[in-house]
Protein chains: 2
Amino acid sequence: MNAEPYDATPPGGGTAGEVLTRYLHERAAAFLRGLSLRGENEADADALLRGSARRIGGVLHIYGPLTDPGWAEPLRAELGWLSTTLGREPQYAARLTRLLDALRRLSITVDDQEAVTVGGAPPPAPSGGPLALGAARAGALLERQLTLARTRAHSASLQAMGSSRFHALADAIAVLVSEVPLAPAAAAPATAVMPPLAGQAYKRLADAAAALPLHRAAHPYNADAVQASLGADLTADLQDAPWHQVRILLRLSRYAAEVTRPEGDTADRQRLTDAAALLERHREAAESAAAVAAAARTPRIAPATAYALGVLHADQRHEVEAARFAFSRLWQTAVPGPRGR
Amino acid sequence: MNAEPYDATPPGGGTAGEVLTRYLHERAAAFLRGLSLRGENEADADALLRGSARRIGGVLHIYGPLTDPGWAEPLRAELGWLSTTLGREPQYAARLTRLLDALRRLSITVDDQEAVTVGGAPPPAPSGGPLALGAARAGALLERQLTLARTRAHSASLQAMGSSRFHALADAIAVLVSEVPLAPAAAAPATAVMPPLAGQAYKRLADAAAALPLHRAAHPYNADAVQASLGADLTADLQDAPWHQVRILLRLSRYAAEVTRPEGDTADRQRLTDAAALLERHREAAESAAAVAAAARTPRIAPATAYALGVLHADQRHEVEAARFAFSRLWQTAVPGPRGR
């Protein structure tokens, strides 16, 4: 298998340390910009902080041999903590939007078919009989639970941002703007040492993707993902985990390419971006299905509410299946090397 | 559009009346054979009776101008009554099998993935946590309701078979073995009058199929059919009706071809048979989903049961979608004339 289909050769000359330092400087500056933006627009600021933290952490991982491990490893752990902490609130918000949109779509009645709008409309009104009433209640239940989770995540974010742990991290990033603690290997030309490291990251991705049941997933309506809907809780987790893993490896390969080819998208990077978007949809649908299952365990809910949640759960598991289908088609046609299994 | 892609030319010569009479004789004989078989094997006998009744009724409809309408119309109504009455019991049995199989598939746990068997196994044991418990209860509820419906349908069949209405119908069929009341048009050569009538039947089919949203249905995971899951009851009915109509027209075209080309399957007839099987799957899934929705209206069911029924309902609506997908692909590649819309 060609483990490195895109050209990871760094532009121009320079040592690996120079190329890596340039990238980390930029990301560290973006991080600090996010920090100063926080008073104006918290959501945008957090997105910038998370994006920078993820990229710095990812790049320190991929190009690990080029930096001082005693410095990089603890920093990566702190960056992971921050991006996870800040990521929760927008995830809950997106999950609620996704589930209310899905409920609206599922509750569509003949009269609505023309007038349907996706987006900011309220949950379905209980005009369509008992099923629609259950859907409205399920929507209200999910809204209550996910709004509560979101509020808690927001508090946790605020608390994290005010903590000494965060201040230590921000200090470490501020240092990164001026200097990066490099390893001796970083003195070699970038063209000699960086492509093999990016290639390793891509190989891990290609191997993990090849181990997915891509051939089966590329058959529409295989009903694999929905099996988990009434299975033991572990079933969905075990089934989804390899796909989530590929999503993370995709992200790492994208960051690896950003370092060595900072200018614009190539076709190969577009492919990675598209594949990542599909597996992001996979993750959102899987986590939304899990949130619906959790809501269904609320004590004393009405059967009609539980029924609507069951429909919604299966719907989200079908979205999981649809995302796998689209990813399999994309990956099998676009990737070099052996096709599926 | 070529409204008649298969060769409907009757083999050999003869008048239309002769060809039609030969076919009706055979079917009437099969009907009487079914009647005498009833003491030995009720299910096989009923299948023979239903199949013959449907074929005689369908052929009298397609080739209506060739028979005495004063005789054919009332006979068709009685044949319709009989095949509907006898059809209910096997439909309930098939629906229960389908739904229990689906519940088993949906409740599959990691340990089961190897050992799964489709068919006669009992409903899932409540070993996989609260979701699996709900699935087991949902299975028990469906089993109770559909077994009751089946028993009632069986009684209704027995009552119908013992009625004077049935005896009058059996007498009419017995007459059919010896003579068919023909119209003057039946004196014309079969090759002159039968192909246009079969062509009309096929044109109705082709027009109805072309009016289906085939283009959209041929896109996997369009999520159209599942919209009806939480919509008003009418939504699913209105959405499914055009597909059911095409299923009936497919059957009529198949019967029309049987009359004029009794020997074996041609490729065209195989195509009609395959298409009919897909729309039969569509009907079964749609009716199963409706049965699940009805079961969910049972008073005082536990939320976990309602949840499992919701998952099952959405699953069956996805089966509806999958059948539409397969039909659209088959019909769009195989049928001459304009493709979908």
# chains A, B, ... in the order shown; residues from 1 in each chain; ligands from 1
$ interface_residues --of "chain B" --to "chain A" --cutoff "8 Å" --atoms "only C-alpha atoms" --output "PyMOL selection string"
chain B and resi 105-110+128-129+131-132+135+220-221+226-235+238+296+300-315+318-319+322
$ select_by_dssp --residues "segment 38-75 of chain A" --states "alpha helix (DSSP H)" --output "list in words"
Glu42, Ala43, Asp44, Ala45, Asp46, Ala47, Leu48, Leu49, Arg50, Gly51, Ser52, Ala53, Arg54, Arg55, Ile56, Gly57, Gly58, Val59, Leu60, His61, Ile62, Pro69, Gly70, Trp71, Ala72, Glu73, Pro74 and Leu75 of chain A
$ write_last_selection --atoms "N, CA and C atoms" --output "PDB file, in the first residue's frame"
ATOM      1  N   GLU A  42     -17.560  34.631  23.173  1.00  0.00           N
ATOM      2  CA  GLU A  42     -17.076  33.439  23.853  1.00  0.00           C
ATOM      3  C   GLU A  42     -17.047  32.224  22.941  1.00  0.00           C
ATOM      4  N   ALA A  43     -18.094  32.065  22.109  1.00  0.00           N
ATOM      5  CA  ALA A  43     -18.181  30.871  21.260  1.00  0.00           C
ATOM      6  C   ALA A  43     -17.047  30.852  20.234  1.00  0.00           C
ATOM      7  N   ASP A  44     -16.844  31.995  19.565  1.00  0.00           N
ATOM      8  CA  ASP A  44     -15.768  32.073  18.574  1.00  0.00           C
ATOM      9  C   ASP A  44     -14.410  31.884  19.240  1.00  0.00           C
ATOM     10  N   ALA A  45     -14.255  32.532  20.392  1.00  0.00           N
ATOM     11  CA  ALA A  45     -12.983  32.439  21.107  1.00  0.00           C
ATOM     12  C   ALA A  45     -12.685  30.989  21.479  1.00  0.00           C
ATOM     13  N   ASP A  46     -13.709  30.302  22.006  1.00  0.00           N
ATOM     14  CA  ASP A  46     -13.506  28.908  22.416  1.00  0.00           C
ATOM     15  C   ASP A  46     -13.185  28.020  21.224  1.00  0.00           C
ATOM     16  N   ALA A  47     -13.839  28.299  20.099  1.00  0.00           N
ATOM     17  CA  ALA A  47     -13.562  27.501  18.899  1.00  0.00           C
ATOM     18  C   ALA A  47     -12.102  27.678  18.480  1.00  0.00           C
ATOM     19  N   LEU A  48     -11.623  28.918  18.569  1.00  0.00           N
ATOM     20  CA  LEU A  48     -10.232  29.199  18.217  1.00  0.00           C
ATOM     21  C   LEU A  48      -9.278  28.514  19.197  1.00  0.00           C
ATOM     22  N   LEU A  49      -9.606  28.594  20.487  1.00  0.00           N
ATOM     23  CA  LEU A  49      -8.776  27.941  21.507  1.00  0.00           C
ATOM     24  C   LEU A  49      -8.734  26.431  21.286  1.00  0.00           C
ATOM     25  N   ARG A  50      -9.902  25.835  21.050  1.00  0.00           N
ATOM     26  CA  ARG A  50      -9.961  24.388  20.862  1.00  0.00           C
ATOM     27  C   ARG A  50      -9.193  23.966  19.618  1.00  0.00           C
ATOM     28  N   GLY A  51      -9.437  24.702  18.519  1.00  0.00           N
ATOM     29  CA  GLY A  51      -8.770  24.354  17.254  1.00  0.00           C
ATOM     30  C   GLY A  51      -7.254  24.434  17.390  1.00  0.00           C
ATOM     31  N   SER A  52      -6.784  25.499  18.039  1.00  0.00           N
ATOM     32  CA  SER A  52      -5.338  25.654  18.206  1.00  0.00           C
ATOM     33  C   SER A  52      -4.799  24.567  19.130  1.00  0.00           C
ATOM     34  N   ALA A  53      -5.499  24.311  20.227  1.00  0.00           N
ATOM     35  CA  ALA A  53      -5.036  23.310  21.188  1.00  0.00           C
ATOM     36  C   ALA A  53      -4.959  21.941  20.523  1.00  0.00           C
ATOM     37  N   ARG A  54      -5.997  21.604  19.734  1.00  0.00           N
ATOM     38  CA  ARG A  54      -6.002  20.301  19.057  1.00  0.00           C
ATOM     39  C   ARG A  54      -4.848  20.198  18.068  1.00  0.00           C
ATOM     40  N   ARG A  55      -4.603  21.282  17.331  1.00  0.00           N
ATOM     41  CA  ARG A  55      -3.542  21.246  16.316  1.00  0.00           C
ATOM     42  C   ARG A  55      -2.163  21.165  16.959  1.00  0.00           C
ATOM     43  N   ILE A  56      -1.943  21.973  17.979  1.00  0.00           N
ATOM     44  CA  ILE A  56      -0.631  21.929  18.639  1.00  0.00           C
ATOM     45  C   ILE A  56      -0.402  20.525  19.214  1.00  0.00           C
ATOM     46  N   GLY A  57      -1.417  20.013  19.912  1.00  0.00           N
ATOM     47  CA  GLY A  57      -1.290  18.680  20.508  1.00  0.00           C
ATOM     48  C   GLY A  57      -1.060  17.613  19.454  1.00  0.00           C
ATOM     49  N   GLY A  58      -1.821  17.680  18.359  1.00  0.00           N
ATOM     50  CA  GLY A  58      -1.705  16.682  17.296  1.00  0.00           C
ATOM     51  C   GLY A  58      -0.338  16.717  16.633  1.00  0.00           C
ATOM     52  N   VAL A  59       0.125  17.912  16.365  1.00  0.00           N
ATOM     53  CA  VAL A  59       1.401  18.062  15.663  1.00  0.00           C
ATOM     54  C   VAL A  59       2.566  17.637  16.562  1.00  0.00           C
ATOM     55  N   LEU A  60       2.445  17.949  17.856  1.00  0.00           N
ATOM     56  CA  LEU A  60       3.484  17.473  18.786  1.00  0.00           C
ATOM     57  C   LEU A  60       3.501  15.946  18.834  1.00  0.00           C
ATOM     58  N   HIS A  61       2.348  15.338  18.615  1.00  0.00           N
ATOM     59  CA  HIS A  61       2.272  13.876  18.589  1.00  0.00           C
ATOM     60  C   HIS A  61       2.923  13.320  17.316  1.00  0.00           C
ATOM     61  N   ILE A  62       2.499  13.850  16.169  1.00  0.00           N
ATOM     62  CA  ILE A  62       2.983  13.309  14.889  1.00  0.00           C
ATOM     63  C   ILE A  62       4.489  13.531  14.735  1.00  0.00           C
ATOM     64  N   PRO A  69      10.806  15.431  24.429  1.00  0.00           N
ATOM     65  CA  PRO A  69       9.649  14.691  24.936  1.00  0.00           C
ATOM     66  C   PRO A  69       9.283  15.081  26.364  1.00  0.00           C
ATOM     67  N   GLY A  70      10.268  15.472  27.163  1.00  0.00           N
ATOM     68  CA  GLY A  70       9.985  15.860  28.545  1.00  0.00           C
ATOM     69  C   GLY A  70       9.125  17.117  28.611  1.00  0.00           C
ATOM     70  N   TRP A  71       9.192  17.910  27.557  1.00  0.00           N
ATOM     71  CA  TRP A  71       8.363  19.109  27.496  1.00  0.00           C
ATOM     72  C   TRP A  71       7.039  18.817  26.756  1.00  0.00           C
ATOM     73  N   ALA A  72       7.125  18.062  25.663  1.00  0.00           N
ATOM     74  CA  ALA A  72       5.958  17.894  24.782  1.00  0.00           C
ATOM     75  C   ALA A  72       4.870  17.020  25.415  1.00  0.00           C
ATOM     76  N   GLU A  73       5.264  15.942  26.069  1.00  0.00           N
ATOM     77  CA  GLU A  73       4.256  14.995  26.575  1.00  0.00           C
ATOM     78  C   GLU A  73       3.310  15.637  27.593  1.00  0.00           C
ATOM     79  N   PRO A  74       3.826  16.302  28.621  1.00  0.00           N
ATOM     80  CA  PRO A  74       2.889  16.934  29.567  1.00  0.00           C
ATOM     81  C   PRO A  74       2.047  18.024  28.900  1.00  0.00           C
ATOM     82  N   LEU A  75       2.641  18.774  27.965  1.00  0.00           N
ATOM     83  CA  LEU A  75       1.887  19.833  27.288  1.00  0.00           C
ATOM     84  C   LEU A  75       0.730  19.233  26.485  1.00  0.00           C
TER      85      LEU A  75
END
$ atom_distance --atom1 "atom CA of Asp240 of chain B" --atom2 "atom CA of Arg271 of chain B"
21.7 Å
$ closest_residue --among "B:Thr15, B:Thr97, B:Ser36, B:Gln270" --to "Leu142 of chain B" --atoms "only C-alpha atoms"
B:Thr97
$ residues_around --residues "Phe166 of chain A" --least-positions-apart "6" --cutoff "10 Å" --atoms "only C-alpha atoms" --output "list in words"
Glu78, Leu79, Trp81, Leu82, Gln159, Ala160 and Ala172 of chain A
$ closest_residue --among "A:Gln200, A:Thr260, A:Thr147, A:Gln332" --to "Leu20 of chain A" --atoms "only C-alpha atoms"
A:Thr260
$ residues_around --residues "Thr21 of chain B" --least-positions-apart "4" --cutoff "12 Å" --atoms "only C-alpha atoms" --output "list of chain:residue names"
B:Gly14, B:Thr15, B:Ala16, B:Gly17, B:His25, B:Glu26, B:Arg27, B:Ala28, B:Ala29, B:Ile56, B:Val59, B:Leu60, B:Tyr63, B:Leu66, B:Thr67, B:Val175, B:Leu176, B:Val177, B:Ser178, B:Glu179, B:Val180, B:Pro181, B:Leu182, B:Ala183, B:Ala186, B:Ala187, B:Ala190, B:Val259, B:Thr260
$ atom_distance --atom1 "atom CA of Ala174 of chain A" --atom2 "atom CA of Ser83 of chain A"
17.0 Å
$ atom_distance --atom1 "atom CA of Thr84 of chain A" --atom2 "atom CA of Ser164 of chain A"
17.2 Å
$ closest_residue --among "A:Ala185, A:Ala285, A:Leu205, A:Leu148" --to "Ile248 of chain A" --atoms "only C-alpha atoms"
A:Leu205
